[in-house]
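Data block for query.tsv (TSV, C-alpha atoms):
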chain	number	residue	atom	x	y	z
A	588	MET	CA	7.78	3.92	-6.67
A	589	ALA	CA	10.99	1.85	-6.58
A	590	CYS	CA	12.91	4.83	-5.21
A	591	PHE	CA	10.24	5.38	-2.53
A	592	LEU	CA	10.42	1.77	-1.35
A	593	LEU	CA	14.22	1.70	-1.33
A	594	VAL	CA	14.47	4.96	0.61
A	595	VAL	CA	11.92	3.82	3.18
A	596	ALA	CA	13.67	0.45	3.64
A	597	VAL	CA	17.09	2.05	4.18
A	598	TRP	CA	15.57	4.71	6.43
A	599	VAL	CA	14.08	2.02	8.70
A	600	PHE	CA	17.50	0.35	8.78
A	601	SER	CA	19.14	3.68	9.70
A	602	VAL	CA	16.67	4.22	12.55
A	603	CYS	CA	17.53	0.77	13.91
A	604	LEU	CA	21.25	1.48	13.52
A	605	HIS	CA	20.88	4.82	15.31
A	606	GLU	CA	19.00	3.30	18.23
A	607	TYR	CA	21.32	0.28	18.36
A	608	GLY	CA	24.19	2.75	18.83
A	609	HIS	CA	22.44	4.29	21.83
A	610	ALA	CA	21.72	0.87	23.31
A	611	LYS	CA	25.17	-0.63	22.75
A	612	VAL	CA	26.98	2.30	24.36
A	613	ALA	CA	24.46	2.24	27.22
A	614	GLN	CA	25.32	-1.42	27.76
A	615	LEU	CA	29.01	-0.59	27.82
A	616	GLY	CA	28.26	2.21	30.26
A	617	GLY	CA	26.47	-0.05	32.73
A	618	ASP	CA	22.83	-0.41	31.63
A	619	TYR	CA	22.47	-4.17	31.42
A	620	THR	CA	18.71	-3.90	30.83
A	621	VAL	CA	19.04	-2.92	27.17
A	622	GLU	CA	19.70	-6.51	26.14
A	623	GLU	CA	16.65	-7.73	28.06
A	624	LYS	CA	14.53	-5.15	26.23
A	625	GLY	CA	15.76	-6.43	22.84
A	626	TYR	CA	17.58	-3.26	21.87
A	627	LEU	CA	20.68	-5.08	20.64
A	628	SER	CA	18.84	-7.07	17.97
A	629	MET	CA	18.43	-4.48	15.16
A	630	ASN	CA	14.75	-5.49	15.16
A	631	PRO	CA	12.65	-2.42	14.23
A	632	ILE	CA	9.77	-3.67	16.38
A	633	HIS	CA	11.83	-3.07	19.52
A	634	TYR	CA	12.66	0.50	18.50
A	635	ALA	CA	9.25	1.37	17.16
A	636	HIS	CA	7.34	4.36	18.47
A	637	PRO	CA	4.06	4.69	16.51
A	638	VAL	CA	4.38	8.46	16.09
A	639	PHE	CA	8.10	9.27	16.19
A	640	SER	CA	9.29	6.15	14.33
A	641	PHE	CA	6.76	5.98	11.51
A	642	VAL	CA	4.14	8.71	11.24
A	643	LEU	CA	6.23	11.86	11.68
A	644	PRO	CA	9.33	10.69	9.74
A	645	MET	CA	7.18	9.70	6.78
A	646	VAL	CA	5.19	12.95	6.89
A	647	PHE	CA	8.30	15.10	6.91
A	648	MET	CA	10.06	13.06	4.22
A	649	ILE	CA	6.99	13.31	2.02
A	650	MET	CA	6.60	17.04	2.62
A	651	GLY	CA	10.16	18.16	2.22
A	652	GLY	CA	12.78	15.45	2.45
A	653	ILE	CA	13.91	16.17	6.00
A	654	GLY	CA	15.41	13.25	7.90
A	655	LEU	CA	13.39	13.44	11.09
A	656	PRO	CA	14.99	11.47	13.92
A	657	GLY	CA	12.86	8.46	14.83
A	658	GLY	CA	12.78	5.47	17.10
A	659	ALA	CA	13.03	5.15	20.83
A	660	VAL	CA	15.15	3.26	23.33
A	661	TYR	CA	14.54	3.54	27.04
A	662	ILE	CA	17.81	3.77	28.91
A	663	ASP	CA	18.03	3.30	32.67
A	664	HIS	CA	20.23	6.32	33.34
A	665	GLN	CA	20.63	5.37	36.99
A	666	LEU	CA	22.66	2.36	35.90
A	667	LEU	CA	25.12	4.40	33.83
A	668	ARG	CA	28.44	4.88	35.58
A	669	SER	CA	28.82	8.63	35.08
A	670	ARG	CA	27.48	11.77	33.41
A	671	ALA	CA	30.13	11.28	30.73
A	672	TRP	CA	28.56	7.93	29.83
A	673	GLU	CA	25.17	9.62	29.55
A	674	THR	CA	26.70	12.00	27.02
A	675	TYR	CA	28.35	9.14	25.12
A	676	VAL	CA	25.01	7.31	24.95
A	677	SER	CA	23.29	10.41	23.57
A	678	LEU	CA	25.88	10.94	20.85
A	679	ALA	CA	26.23	7.27	19.90
A	680	GLY	CA	23.17	7.33	17.63
A	681	VAL	CA	24.49	10.29	15.65
A	682	ALA	CA	27.84	8.50	15.35
A	683	MET	CA	26.06	5.58	13.68
A	684	ASN	CA	24.37	7.96	11.24
A	685	LEU	CA	27.78	9.47	10.48
A	686	ILE	CA	29.21	6.04	9.70
A	687	LEU	CA	26.29	5.40	7.35
A	688	VAL	CA	26.90	8.75	5.63
A	689	ILE	CA	30.56	7.89	5.06
A	690	VAL	CA	29.70	4.44	3.69
A	691	ILE	CA	27.05	5.78	1.27
A	692	ALA	CA	29.33	8.61	0.13
A	693	LEU	CA	32.14	6.12	-0.57
A	694	LEU	CA	29.81	3.80	-2.49
A	695	LEU	CA	28.73	6.70	-4.68
A	696	ARG	CA	32.18	8.27	-5.11
A	697	LEU	CA	33.83	4.95	-5.97
A	698	TYR	CA	31.00	4.16	-8.41
A	699	LEU	CA	30.21	0.95	-6.54
A	700	ILE	CA	26.68	2.22	-7.01
A	701	PRO	CA	26.60	2.80	-10.81
A	702	HIS	CA	26.00	6.32	-12.15
A	703	TYR	CA	23.76	5.70	-15.12
A	704	PRO	CA	21.35	8.30	-16.50
A	705	ASN	CA	18.07	8.16	-14.56
A	706	GLN	CA	19.47	5.35	-12.40
A	707	VAL	CA	16.95	4.90	-9.58
A	708	VAL	CA	19.41	3.28	-7.19
A	709	THR	CA	21.93	6.11	-7.61
A	710	CYS	CA	19.34	8.83	-7.03
A	711	ALA	CA	17.80	6.94	-4.12
A	712	PHE	CA	21.09	6.56	-2.27
A	713	ALA	CA	22.04	10.18	-2.97
A	714	PHE	CA	18.71	11.19	-1.42
A	715	ILE	CA	19.30	8.82	1.51
A	716	LEU	CA	22.65	10.56	1.99
A	717	VAL	CA	20.83	13.90	2.18
A	718	LEU	CA	18.34	12.48	4.67
A	719	GLN	CA	21.13	11.17	6.88
A	720	ILE	CA	23.02	14.48	6.78
A	721	SER	CA	19.87	16.39	7.69
A	722	ALA	CA	19.12	13.94	10.52
A	723	ILE	CA	22.63	14.40	11.93
A	724	LEU	CA	22.41	18.20	11.82
A	725	LEU	CA	18.99	18.20	13.47
A	726	ASN	CA	19.96	15.66	16.11
A	727	LEU	CA	23.01	17.68	17.15
A	728	LEU	CA	20.97	20.79	17.91
A	729	PRO	CA	20.82	21.46	21.69
A	730	ILE	CA	17.03	21.44	21.66
A	731	PRO	CA	14.98	18.98	23.72
A	732	PRO	CA	14.30	16.16	23.12
A	733	LEU	CA	17.00	15.84	20.45
A	734	ASP	CA	20.28	14.04	21.09
A	735	GLY	CA	22.26	17.29	21.14
A	736	PHE	CA	20.29	18.39	24.17
A	737	GLN	CA	20.42	14.94	25.77
A	738	ALA	CA	24.22	15.12	25.52
A	739	ILE	CA	24.44	18.30	27.58
A	740	GLU	CA	21.50	17.69	29.91
A	741	PRO	CA	23.49	15.63	32.47
A	742	TRP	CA	25.75	18.65	32.98
A	743	LEU	CA	22.94	21.14	33.60
A	744	SER	CA	21.99	22.23	37.09
A	745	GLN	CA	18.76	20.95	38.60
A	746	GLU	CA	17.37	24.48	38.38
A	747	TRP	CA	17.86	24.60	34.60
A	748	LYS	CA	16.40	21.12	34.16
A	749	GLU	CA	13.26	22.20	36.01
A	750	ARG	CA	12.97	25.33	33.87
A	751	ILE	CA	13.29	23.40	30.62
A	752	ALA	CA	11.05	20.44	31.57
A	753	PRO	CA	7.65	22.15	30.93
A	754	VAL	CA	8.55	23.02	27.32
A	755	ALA	CA	10.84	20.10	26.48
A	756	SER	CA	8.19	18.10	24.64
A	757	TYR	CA	7.47	21.01	22.26
A	758	GLY	CA	11.03	21.67	21.15
A	759	MET	CA	11.04	19.53	18.01
A	760	PHE	CA	7.67	20.81	16.78
A	761	VAL	CA	8.73	24.44	17.26
A	762	LEU	CA	11.95	23.70	15.37
A	763	PHE	CA	10.12	22.32	12.34
A	764	ILE	CA	7.59	25.15	12.34
A	765	LEU	CA	10.53	27.58	12.21
A	766	LEU	CA	12.26	25.58	9.46
A	767	TRP	CA	9.11	25.64	7.34
A	768	ASN	CA	8.14	29.27	7.91
A	769	VAL	CA	11.38	31.23	8.37
A	770	GLU	CA	12.92	31.38	4.93
A	771	PRO	CA	16.47	32.46	5.97
A	772	LEU	CA	16.59	29.59	8.47
A	773	ASN	CA	15.30	27.10	5.90
A	774	HIS	CA	17.80	28.35	3.32
A	775	ALA	CA	20.71	28.17	5.77
A	776	PHE	CA	19.81	24.63	6.81
A	777	TRP	CA	19.51	23.26	3.29
A	778	SER	CA	22.60	25.14	2.10
A	779	CYS	CA	24.49	23.36	4.84
A	780	VAL	CA	23.02	19.96	3.90
A	781	TRP	CA	23.76	20.34	0.18
A	782	GLY	CA	27.19	21.81	0.99
A	783	ILE	CA	28.14	18.75	3.05
A	784	SER	CA	26.95	16.44	0.26
A	785	ASP	CA	29.12	18.37	-2.19
A	786	PHE	CA	32.08	18.28	0.24
A	787	LEU	CA	31.72	14.49	0.40
A	788	GLY	CA	32.02	14.37	-3.38
A	789	VAL	CA	28.37	13.54	-4.10
A	790	ASP	CA	26.64	15.86	-6.55
A	791	PRO	CA	23.76	17.55	-4.69
A	792	GLY	CA	21.80	17.37	-7.94
A	793	LEU	CA	21.65	13.59	-7.57
A	794	GLY	CA	20.06	14.01	-4.15
A	795	TYR	CA	17.52	16.43	-5.56
A	796	ASP	CA	16.73	13.96	-8.35
A	797	GLY	CA	16.28	11.32	-5.67
A	798	LEU	CA	13.81	13.55	-3.83
A	799	ARG	CA	11.77	13.95	-7.02
A	800	GLU	CA	11.82	10.19	-7.62
A	801	PHE	CA	10.86	9.59	-4.00
A	802	GLN	CA	7.85	11.90	-4.36
A	803	PHE	CA	6.51	9.84	-7.27
A	804	TRP	CA	2.96	11.09	-6.69
A	805	ARG	CA	3.97	14.59	-7.83
A	806	LYS	CA	4.99	13.48	-11.30
Can I see the file as structure tokens?
Amino acid sequence: MACFLLVVAVWVFSVCLHEYGHAKVAQLGGDYTVEEKGYLSMNPIHYAHPVFSFVLPMVFMIMGGIGLPGGAVYIDHQLLRSRAWETYVSLAGVAMNLILVIVIALLLRLYLIPHYPNQVVTCAFAFILVLQISAILLNLLPIPPLDGFQAIEPWLSQEWKERIAPVASYGMFVLFILLWNVEPLNHAFWSCVWGISDFLGVDPGLGYDGLREFQFWRK
């Protein structure tokens, strides 16, 4: 239970950090309304979307430990100075997740988070690392409405935007259906996640232990 609560608390923080990144870069790019909307406060209430911020992320973490992107900031794209700034805004959230990944990996590698047998904090942060890596990989996919697609959308022709618009809202659901039901795709995704954890010097086994501790109801 302790692992579950710690993971959820850090996940909420990471969602706020991700959305703060979007908002801060949007402000730098010309959207002065983000401060009025409270997006620069790191207050989860301002980023909360009842489905995408809480329900779906929790469902997918409980089911399989996937870091589903959550939260929502509403950027006034007409105020941004260029298409390049729109791309920067889209990628800023992922950049914040990447910073968090580096910090957690360093804390674990330098043993600033102790590595004791059955240490809940160690396993929890190793699992959080896995969640963040999975969230980054998913967010970078060029599939609407993920950030990877938002980054390239400003550069698409109006014709392509009109073609994509009718199916844009289904992209994420189709992606997760494929991840759950197409074994080679699922295997490739998780091999990549665990491989990155290993590359960062964090034993993937710790992350798996964290997943088991997180899913305390299965014990």
Protein/DNA/RNA residues near (21.0, 14.7, 15.8), cut 9 Å, all atoms listed in the file, as a ChimeraX atom specification: /A:656,678,680-681,684,721-729,733-735
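Taking CA of Glu740 in chain A as the reference point, CA of Asn630 in chain A is found at 28.3 Å.
The spacing separating CA of Leu667 in chain A from CA of Ile751 in chain A amounts to 22.6 Å.
Here CA of Cys590 in chain A is placed at a distance of 18.2 Å from CA of Val602 in chain A.
Closest to Ala659 in chain A among A:Cys603, A:Leu765, A:Val707, A:Val789 is A:Cys603, based on all atoms listed in the file.
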Residue neighbourhood Met759 in chain A, 9 Å, only C-alpha atoms, exclusion window fewer than 5 positions, as number ranges by chain: A: 730-733, 764
Residue nearest Asp790 in chain A - candidates A:Leu762, A:Val621, A:Ala713, A:Ala752, atoms counted: only C-alpha atoms: A:Ala713
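Minimum atom-to-atom distance to Phe786 in chain A, evaluated using all atoms listed in the file, belongs to A:Ala692 out of A:Val754, A:Ala692, A:Val660, A:Ile700.
Distance check against Trp781 in chain A using all atoms listed in the file: of A:Gly608, A:Glu623, A:Val717, A:Tyr698, the minimum falls on A:Val717.
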Answer as a list in words, residues within 10 Å of (27.0, 7.8, 9.3) using all atoms listed in the file: Ser601, Leu604, His605, Gly680, Val681, Ala682, Met683, Asn684, Leu685, Ile686, Leu687, Val688, Ile689, Val690, Ile691, Ala692, Leu716, Gln719, Ile720 and Ile723 of chain A
Supply range 625-636 of chain A as a short mmCIF file (atom, residue, chain, number, x, y, z; two decimals), in the coordinates of the input, with all heavy atoms built in where the input has gaps.
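After the write, selection14.cif holds the following:
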data_model
loop_
_atom_site.label_atom_id
_atom_site.label_comp_id
_atom_site.auth_asym_id
_atom_site.auth_seq_id
_atom_site.Cartn_x
_atom_site.Cartn_y
_atom_site.Cartn_z
N GLY A 625 15.64 -6.10 24.26
CA GLY A 625 15.76 -6.43 22.84
C GLY A 625 16.38 -5.36 21.99
O GLY A 625 16.32 -5.42 20.76
N TYR A 626 17.04 -4.39 22.63
CA TYR A 626 17.58 -3.26 21.87
C TYR A 626 18.87 -3.58 21.11
O TYR A 626 19.34 -2.75 20.35
CB TYR A 626 17.85 -2.08 22.82
CG TYR A 626 16.61 -1.45 23.40
CD1 TYR A 626 16.66 -0.83 24.64
CD2 TYR A 626 15.40 -1.46 22.72
CE1 TYR A 626 15.53 -0.24 25.20
CE2 TYR A 626 14.27 -0.87 23.26
CZ TYR A 626 14.34 -0.27 24.50
OH TYR A 626 13.23 0.32 25.04
N LEU A 627 19.44 -4.73 21.32
CA LEU A 627 20.68 -5.08 20.64
C LEU A 627 20.43 -6.03 19.47
O LEU A 627 21.35 -6.67 18.98
CB LEU A 627 21.67 -5.71 21.62
CG LEU A 627 22.04 -4.83 22.83
CD1 LEU A 627 23.01 -5.57 23.74
CD2 LEU A 627 22.66 -3.51 22.37
N SER A 628 19.20 -6.09 18.99
CA SER A 628 18.84 -7.07 17.97
C SER A 628 18.69 -6.49 16.57
O SER A 628 18.53 -7.22 15.61
CB SER A 628 17.51 -7.74 18.35
OG SER A 628 16.46 -6.80 18.32
N MET A 629 18.69 -5.16 16.44
CA MET A 629 18.43 -4.48 15.16
C MET A 629 17.03 -4.81 14.63
O MET A 629 16.77 -4.74 13.44
CB MET A 629 19.47 -4.85 14.11
CG MET A 629 20.83 -4.19 14.32
SD MET A 629 20.81 -2.42 14.05
CE MET A 629 20.59 -2.33 12.28
N ASN A 630 16.14 -5.19 15.53
CA ASN A 630 14.75 -5.49 15.16
C ASN A 630 13.93 -4.20 15.28
O ASN A 630 13.79 -3.65 16.38
CB ASN A 630 14.19 -6.56 16.08
CG ASN A 630 12.79 -7.00 15.68
OD1 ASN A 630 12.07 -6.30 14.98
ND2 ASN A 630 12.40 -8.19 16.13
N PRO A 631 13.38 -3.69 14.17
CA PRO A 631 12.65 -2.42 14.23
C PRO A 631 11.46 -2.43 15.18
O PRO A 631 11.06 -1.38 15.68
CB PRO A 631 12.19 -2.20 12.78
CG PRO A 631 12.31 -3.51 12.10
CD PRO A 631 13.41 -4.23 12.80
N ILE A 632 10.91 -3.59 15.45
CA ILE A 632 9.77 -3.67 16.38
C ILE A 632 10.16 -3.17 17.76
O ILE A 632 9.38 -2.49 18.44
CB ILE A 632 9.24 -5.11 16.45
CG1 ILE A 632 8.65 -5.53 15.11
CG2 ILE A 632 8.19 -5.24 17.56
CD1 ILE A 632 8.20 -6.97 15.05
N HIS A 633 11.39 -3.46 18.18
CA HIS A 633 11.83 -3.07 19.52
C HIS A 633 12.09 -1.57 19.62
O HIS A 633 12.09 -1.01 20.72
CB HIS A 633 13.09 -3.84 19.90
CG HIS A 633 12.88 -5.31 20.04
ND1 HIS A 633 11.96 -5.86 20.92
CD2 HIS A 633 13.44 -6.37 19.41
CE1 HIS A 633 11.98 -7.17 20.83
NE2 HIS A 633 12.87 -7.52 19.92
N TYR A 634 12.36 -0.93 18.48
CA TYR A 634 12.66 0.50 18.50
C TYR A 634 11.45 1.34 18.13
O TYR A 634 11.51 2.56 18.12
CB TYR A 634 13.78 0.82 17.51
CG TYR A 634 15.07 0.06 17.78
CD1 TYR A 634 15.66 -0.71 16.79
CD2 TYR A 634 15.68 0.12 19.01
CE1 TYR A 634 16.84 -1.40 17.02
CE2 TYR A 634 16.86 -0.57 19.27
CZ TYR A 634 17.44 -1.32 18.26
OH TYR A 634 18.60 -1.99 18.51
N ALA A 635 10.38 0.67 17.77
CA ALA A 635 9.25 1.37 17.16
C ALA A 635 8.48 2.22 18.17
O ALA A 635 8.11 1.76 19.25
CB ALA A 635 8.30 0.37 16.51
N HIS A 636 8.28 3.47 17.79
CA HIS A 636 7.34 4.36 18.47
C HIS A 636 6.34 4.74 17.39
O HIS A 636 6.73 5.25 16.33
CB HIS A 636 8.06 5.60 19.01
CG HIS A 636 7.18 6.49 19.81
ND1 HIS A 636 6.20 7.28 19.24
CD2 HIS A 636 7.12 6.74 21.15
CE1 HIS A 636 5.59 7.96 20.19
NE2 HIS A 636 6.12 7.66 21.35
#
